[in-house]
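Engineer: I'd like to ask you about the structure that follows.
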Amino acid sequence: MPLHVVGTAVPRLGLAEKVTGAARYTADLKRPGMLYARLLRSPHAHARIVHLDASEALRLPGVHAVLTYRDVPQERIDADLPVLDAVVRFVGDEVAAVAAESEALAEEALRHIRVDYEVLPAVFDAEAALKPAAPAVHPAGNLVGGQWLVVERGNVAQGFAEAARVFEGTFHTQAHAPVGMETRAALAEWQGERLTVWKTSRAVHAMDRPILARVLGLPLEHVRVICPNMGGGFGNKDESRVAVLAALLARRTGRPVRLEYTRAEEFVAGRSRQAAAMHLRIGVRADGAPVAIDMQATMNAGAYVATGMRVTRRVGQGALYLYTCPHARFRGATVYTNRPPGGSFRGLGAPLGHFALEVLIDQIAVALGLDPLEYRLRFHVTAAGQPGQRTTPPHELLPDEPVEGGVPFSSNALRECLLAGAERIGWWQRRQPNGTATGPLRRGLGMAMGLYKGGVGREAEAEVRITPAGRVRVAIGNVDVGQGSATVLAQIAAEALGVPVDHLDMVLADTELTPPAHITAGSSVTLSSGTAVKLAAEEARRHLLEYAAARLRVPQVRLEQGRLLGDGETGLDWRSVVADLPGDLVGTARVTAGSRTHLINAFAAHFAEVEVDVESGRIRVLRYVAAHDSGRIVHPRMAENQVSGGVLQFLSIALREELYLDPRTGVTLNPSFLEHKGTSIVDFPPIEVLFPAPPDPLAPYGAKALGEPPVVPVFATIANAVANATGVWLHQVPFTPQRVLQALRAQGKIPA
Amino acid sequence: MAQRIPITLHVNGHPQALSVEPRTTLLEVLREQLDLTGAKRACDRGECGACTVLVDGQPMFACHVLAVQVREREVTTVEGLARRADFQPLLEAFVAHDAGQCGYCLPGFAVAAYALLRRLPRPDAWQIRWELVGHICRCNAYEKLVAAVQDAGRRLHPEPEDP
């Protein structure tokens, strides 16, 4: 069947309104009588509040409420996150919340709240925090969950015993601040015992609504959460106290309250992906084939873990699955410290683990005298999956982050990605042996691979409603965090229905108007909600075709591109037959995405050409090619935009972004765009994006995950290109000029 | 409470009688008093360009201008530009090139690009990059933004050899 909507570049939904300012984001909203809130933050990395007096602040005219730990429900937001607490655990931890007539006044009121602290010993380093004598950030100890996460396929000890050679390395990555352009915000309004919250969110159904109901002691149906538009998600923005504090202030004052983070607050008290220290060992047979891969990671979760455990788990994804290998193990510790809290960021732990894996693999290939691309072509995991025995019972869906072998992939175009990327960058013609470049400016080519699962295991629902007005209303509870899922889901719905996309009205991210949905995370929406919306649209189409056939008195009709076709009927606009419908024609679907027989993963191979100035240590990226297997591409232009954007976003993380913490006080030293420089419009060359993969047989219209995969191989790709230019592999992100020079000196490539 | 000053601003062609504190930024007045929220508050300290408006036709960061400094001057926000005929080719080019993802930075880019195209009718890609270098897009839709502005230049100022 030819596709008419999927695979075409329809206009991104809402883009024009965003350009003209007509689209409203949370902080753009106002309600009658609305107050403004600000938060008082801890100046200490670890302290107990011994005395707190807000009376002076409350005496300021126009200040309506101050909330402290004494005024809030005891019910926690997260297992480790009280609404407010007598103990503060990082510099920037929330101490009090103020509501006032203006933001400036609320800010002024903060200076009139008197707090005396008993300063407690603080710990900032994850290794140090694991020592028995370390200060306890939380009462149950600093190792989150009390144990290491351990997953294993085969037996790595046996694998290393079979290895001809063993390679190992230690790798570090910094804390990564997602900092979407829109800062966290919430606007809360009560009508009696009913609460409405507009919020920056990735999960109005799965997180905000149940958390608000539980913490505030409300029935779920009394809480409505809406995310009007999201100014950037990047795997972040859910976990925080913003909504609960706004709701409590609104209840206390009897007025709507809006709370918005400043940029500095977003850097410090948002959630940054935790820093990682990784140790990796790989044993290979005489021919170079990996026989044992063992990765250990210690993750610095900061003061609260939020979604950090998921980050830890994903660090192992590449080590466990990217190369065909009978024995693989990942062990991860997530550790509380008094750093600003960790959380998730695009790719979760995958970019970290892939950095270690793909750099060490490069080192192995070169040590064995193999071309790094040749090595990967020979040993990457194939469509057959990993060797070994399936452990998931046959009737169960395969897990989203598998360890077991014996399960094939639904599709795997790693080889196509490797070949297409190599061809584009001229790998075979242009690459010199590692470290043979000379002179002050040394050029090199490098590459790395990645894999990522997305959407498997998620429950998703959709409702497709054909109305007598001749419109199709598609309701899905997910949030479009800016990546474009509303457009992609509209394309899938329109394709399944047989109508143009502009006949659709998409309704998302409102708990009152949409069926329940999972969090927009893990590159999951296309597969999970895409499957649901396709089924719901197909059901609605069946109802419409039955109705149309009866009404037109023909045995059968089809619907193509908005036209009803059948015996004797040539191209009647579908909208002309529904005007007399007694009610809506409704299709619904509820699915758990995934497969019982196959793993569904996205794959990528990236290639870069860099120039290293061995006098200044500066790395320039000259070319970057990103080849992706995300199955069928639903929207080519948006997909290209997303891959290019993801690579560019992570290139500045690879080269320079880092939140500096004063090691004595725990104060974040550079919480601004000026001092924490992301990618600008002049920094990097255009990213060359390739999609050489065929459609996936199991995914909706063959479309697999795409949101996060583009960021997964970036660090390793640059590190390997630098190694080709200089002969030195960098093991610590970011690759600042200082670190480049240090590494070159340490390995004798330049004079000490 | 701080002292308030009566001022008149000319915003999108309309005089607005307002009462502001001396410390109040133009951005705060636009967003909170006039409900013109196209200019976004993303950094509030002149680092990102998301709040860009035109003051007497020149792009400025509204978070870096006090309301009292622009008394009697002509302030144009993206909402004002959106009503102009010569903004439409720019808007169409943004949509055609998928220039943007989450969209939060886009009004700022659009205002700056509008001013750029009045000064440099057909800029090349590197002129566009250096002219817009003060604007941050964390989604990094930069390639599409450059393409859109270049295309808008061609749409606004066609030359005979253009297709």
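Residues are named by chain letter and number: chains run A, B, ... in the order of the structure tokens, numbers start at 1 in each chain, and ligands are numbered from 1 in the order shown.
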Starting from chain A, keep only residues with some atom at most 6 Å from an atom of chain B, counting only C-alpha atoms, and report them as number ranges by chain.

Structural biologist: A: 18-21, 28, 180-182, 231-232, 263, 482-483, 645, 681-682

Engineer: Could those residues be written to a file, using N, CA, C and O atoms, as a short mmCIF file (atom, residue, chain, number, x, y, z; two decimals), in the first residue's frame?

Structural biologist:
```cif
data_model
loop_
_atom_site.label_atom_id
_atom_site.label_comp_id
_atom_site.auth_asym_id
_atom_site.auth_seq_id
_atom_site.Cartn_x
_atom_site.Cartn_y
_atom_site.Cartn_z
N LYS A 18 4.16 29.39 17.07
CA LYS A 18 5.33 29.60 17.93
C LYS A 18 6.19 30.75 17.41
O LYS A 18 6.71 31.55 18.19
N VAL A 19 6.30 30.85 16.10
CA VAL A 19 7.10 31.94 15.52
C VAL A 19 6.47 33.29 15.84
O VAL A 19 7.15 34.25 16.22
N THR A 20 5.14 33.39 15.71
CA THR A 20 4.47 34.69 15.88
C THR A 20 4.17 35.03 17.33
O THR A 20 3.64 36.10 17.61
N GLY A 21 4.50 34.14 18.24
CA GLY A 21 4.24 34.41 19.64
C GLY A 21 2.82 34.08 20.08
O GLY A 21 2.47 34.28 21.24
N ASP A 28 3.73 32.00 30.09
CA ASP A 28 3.02 33.06 29.37
C ASP A 28 1.59 33.22 29.88
O ASP A 28 0.90 34.15 29.48
N GLY A 180 16.69 23.55 28.85
CA GLY A 180 15.83 24.01 27.76
C GLY A 180 15.66 25.52 27.85
O GLY A 180 15.82 26.11 28.91
N MET A 181 15.32 26.14 26.72
CA MET A 181 15.20 27.61 26.72
C MET A 181 14.11 28.08 27.68
O MET A 181 14.20 29.16 28.27
N GLU A 182 13.05 27.29 27.82
CA GLU A 182 12.00 27.60 28.79
C GLU A 182 12.42 27.02 30.13
O GLU A 182 12.80 25.86 30.23
N GLY A 231 8.74 24.25 26.15
CA GLY A 231 9.90 24.91 25.56
C GLY A 231 11.17 24.10 25.73
O GLY A 231 12.17 24.60 26.24
N GLY A 232 11.12 22.86 25.31
CA GLY A 232 12.30 21.99 25.39
C GLY A 232 12.22 21.05 26.56
O GLY A 232 12.04 21.45 27.70
N ARG A 263 16.89 31.51 35.12
CA ARG A 263 17.88 30.70 34.40
C ARG A 263 18.88 30.07 35.37
O ARG A 263 19.23 28.90 35.25
N GLY A 482 8.48 19.32 22.33
CA GLY A 482 9.18 20.16 21.37
C GLY A 482 9.82 19.35 20.26
O GLY A 482 10.28 19.90 19.27
N GLN A 483 9.82 18.05 20.45
CA GLN A 483 10.49 17.19 19.47
C GLN A 483 9.61 16.96 18.25
O GLN A 483 10.10 16.50 17.22
N GLY A 645 20.08 18.48 15.34
CA GLY A 645 19.99 19.18 16.63
C GLY A 645 20.61 18.38 17.77
O GLY A 645 21.30 18.94 18.63
N ILE A 681 25.24 29.29 16.97
CA ILE A 681 24.95 29.12 15.54
C ILE A 681 26.21 29.13 14.67
O ILE A 681 26.17 28.79 13.50
N VAL A 682 27.37 29.49 15.25
CA VAL A 682 28.59 29.57 14.44
C VAL A 682 29.63 28.49 14.77
O VAL A 682 30.73 28.51 14.24
#
```

Engineer: Write out as an NGL selection string which residues come within 9 Å of Val740 of chain A when counting only C-alpha atoms, dropping same-chain ones fewer than 5 positions away.

Structural biologist: :A and (612 or 614 or 616-619 or 728 or 730 or 735 or 745)

Engineer: Taking the backbone alone, and naming residues the way the document does, which bits of segment 262-319 of chain A are alpha helix (DSSP H) by DSSP, as a ChimeraX atom specification?

Structural biologist: /A:263-269,308-315,317-319

Engineer: Extract, using only C-alpha atoms, all DNA, RNA and protein residues at most 8 Å from segment 29-44 of chain A, discarding same-chain residues fewer than 5 positions from it, and format them as a PyMOL selection string.

Structural biologist: chain A and resi 24+88-103+106-107+110+119+187+246+255-260+665-666

Engineer: Counting only C-alpha atoms, figure out which residue out of B:Gln3, B:Leu156, B:Leu26, B:Cys51 gets nearest to Val75 of chain B.

Structural biologist: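 Checking each candidate against Val75 of chain B, we get B:Leu26 as the closest.
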
Engineer: Based on DSSP run over this structure's backbone, return all residues of segment 69-245 of chain A in strand (DSSP E), as a ChimeraX atom specification.

Structural biologist: /A:87-88,94-100,114-119,149-153,165-173,185-191,194-199,223-226

Engineer: Mind pulling up the distance from atom CA of Leu489 of chain A to atom CA of Ala602 of chain A?

Structural biologist: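 Separation of atom CA of Ala602 of chain A and atom CA of Leu489 of chain A: 18.5 Å.
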
Engineer: Give me, as a list in words, all polymer residues having an atom no more than 8 Å from segment 718-720 of chain A, counting only C-alpha atoms and skipping those fewer than 2 positions away in the same chain.

Structural biologist: Val359, Asp362, Leu445, Gly446, Met447, Ala448, Ala608, Val610, Ala654, Val714, Phe715, Ala716, Val722, Ala723, Asn724, Trp729, Leu730 and His731 of chain A

Engineer: Which residues are near His14 of chain B? Cut-off 10 Å, only C-alpha atoms, ignore same chain within fewer than 6 positions. Put them as a ChimeraX atom specification.

Structural biologist: /B:8,74-76

Engineer: Could you list, as a PDB file with N, CA, C and O atoms, in the first residue's frame, every residue within 9 Å of Ala157 of chain A, counting only C-alpha atoms and ignoring same-chain residues fewer than 3 positions away?

Structural biologist:
```pdb
ATOM      1  N   PHE A 160      36.417 -13.989  30.359  1.00  0.00           N
ATOM      2  CA  PHE A 160      37.790 -13.469  30.451  1.00  0.00           C
ATOM      3  C   PHE A 160      38.805 -14.609  30.448  1.00  0.00           C
ATOM      4  O   PHE A 160      39.905 -14.455  29.924  1.00  0.00           O
ATOM      5  N   ALA A 161      38.412 -15.763  31.020  1.00  0.00           N
ATOM      6  CA  ALA A 161      39.315 -16.919  31.012  1.00  0.00           C
ATOM      7  C   ALA A 161      39.570 -17.398  29.577  1.00  0.00           C
ATOM      8  O   ALA A 161      40.635 -17.918  29.262  1.00  0.00           O
ATOM      9  N   GLU A 162      38.596 -17.187  28.708  1.00  0.00           N
ATOM     10  CA  GLU A 162      38.746 -17.618  27.311  1.00  0.00           C
ATOM     11  C   GLU A 162      39.440 -16.560  26.440  1.00  0.00           C
ATOM     12  O   GLU A 162      39.723 -16.814  25.273  1.00  0.00           O
ATOM     13  N   ALA A 292      34.240 -11.216  26.350  1.00  0.00           N
ATOM     14  CA  ALA A 292      33.720 -10.776  27.655  1.00  0.00           C
ATOM     15  C   ALA A 292      33.778  -9.258  27.728  1.00  0.00           C
ATOM     16  O   ALA A 292      34.788  -8.652  27.367  1.00  0.00           O
ATOM     17  N   HIS A 327      29.435 -13.144  26.823  1.00  0.00           N
ATOM     18  CA  HIS A 327      29.509 -12.848  28.255  1.00  0.00           C
ATOM     19  C   HIS A 327      29.598 -11.342  28.471  1.00  0.00           C
ATOM     20  O   HIS A 327      30.565 -10.708  28.045  1.00  0.00           O
TER      21      HIS A 327
END
```

Engineer: Tell me, as a short mmCIF file (atom, residue, chain, number, x, y, z; two decimals) with C-alpha atoms, in the first residue's frame, which residues lie within 9 Å of Pro685 of chain A, counting only C-alpha atoms; anything in the same chain fewer than 6 positions away does not count.

Structural biologist:
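The resulting file, result-v3.cif, is reproduced below:
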```cif
data_model
loop_
_atom_site.label_atom_id
_atom_site.label_comp_id
_atom_site.auth_asym_id
_atom_site.auth_seq_id
_atom_site.Cartn_x
_atom_site.Cartn_y
_atom_site.Cartn_z
CA VAL A 621 34.97 19.79 14.08
CA LEU A 622 35.32 19.99 10.31
CA ARG A 623 32.70 17.47 9.22
CA TYR A 624 30.14 15.30 10.94
#
```

Engineer: Return the single residue from A:Leu245, A:Val144, A:Val634, A:Val223 that is closest to Thr312 of chain A, with distances computed using only C-alpha atoms.

Structural biologist: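 Closest residue, counting only C-alpha atoms: A:Val144.
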
Engineer: Hey, which of B:Arg118, B:Leu30, B:Val20, B:Asp124 ends up closest to Gly57 of chain B? Count only C-alpha atoms.

Structural biologist: B:Arg118
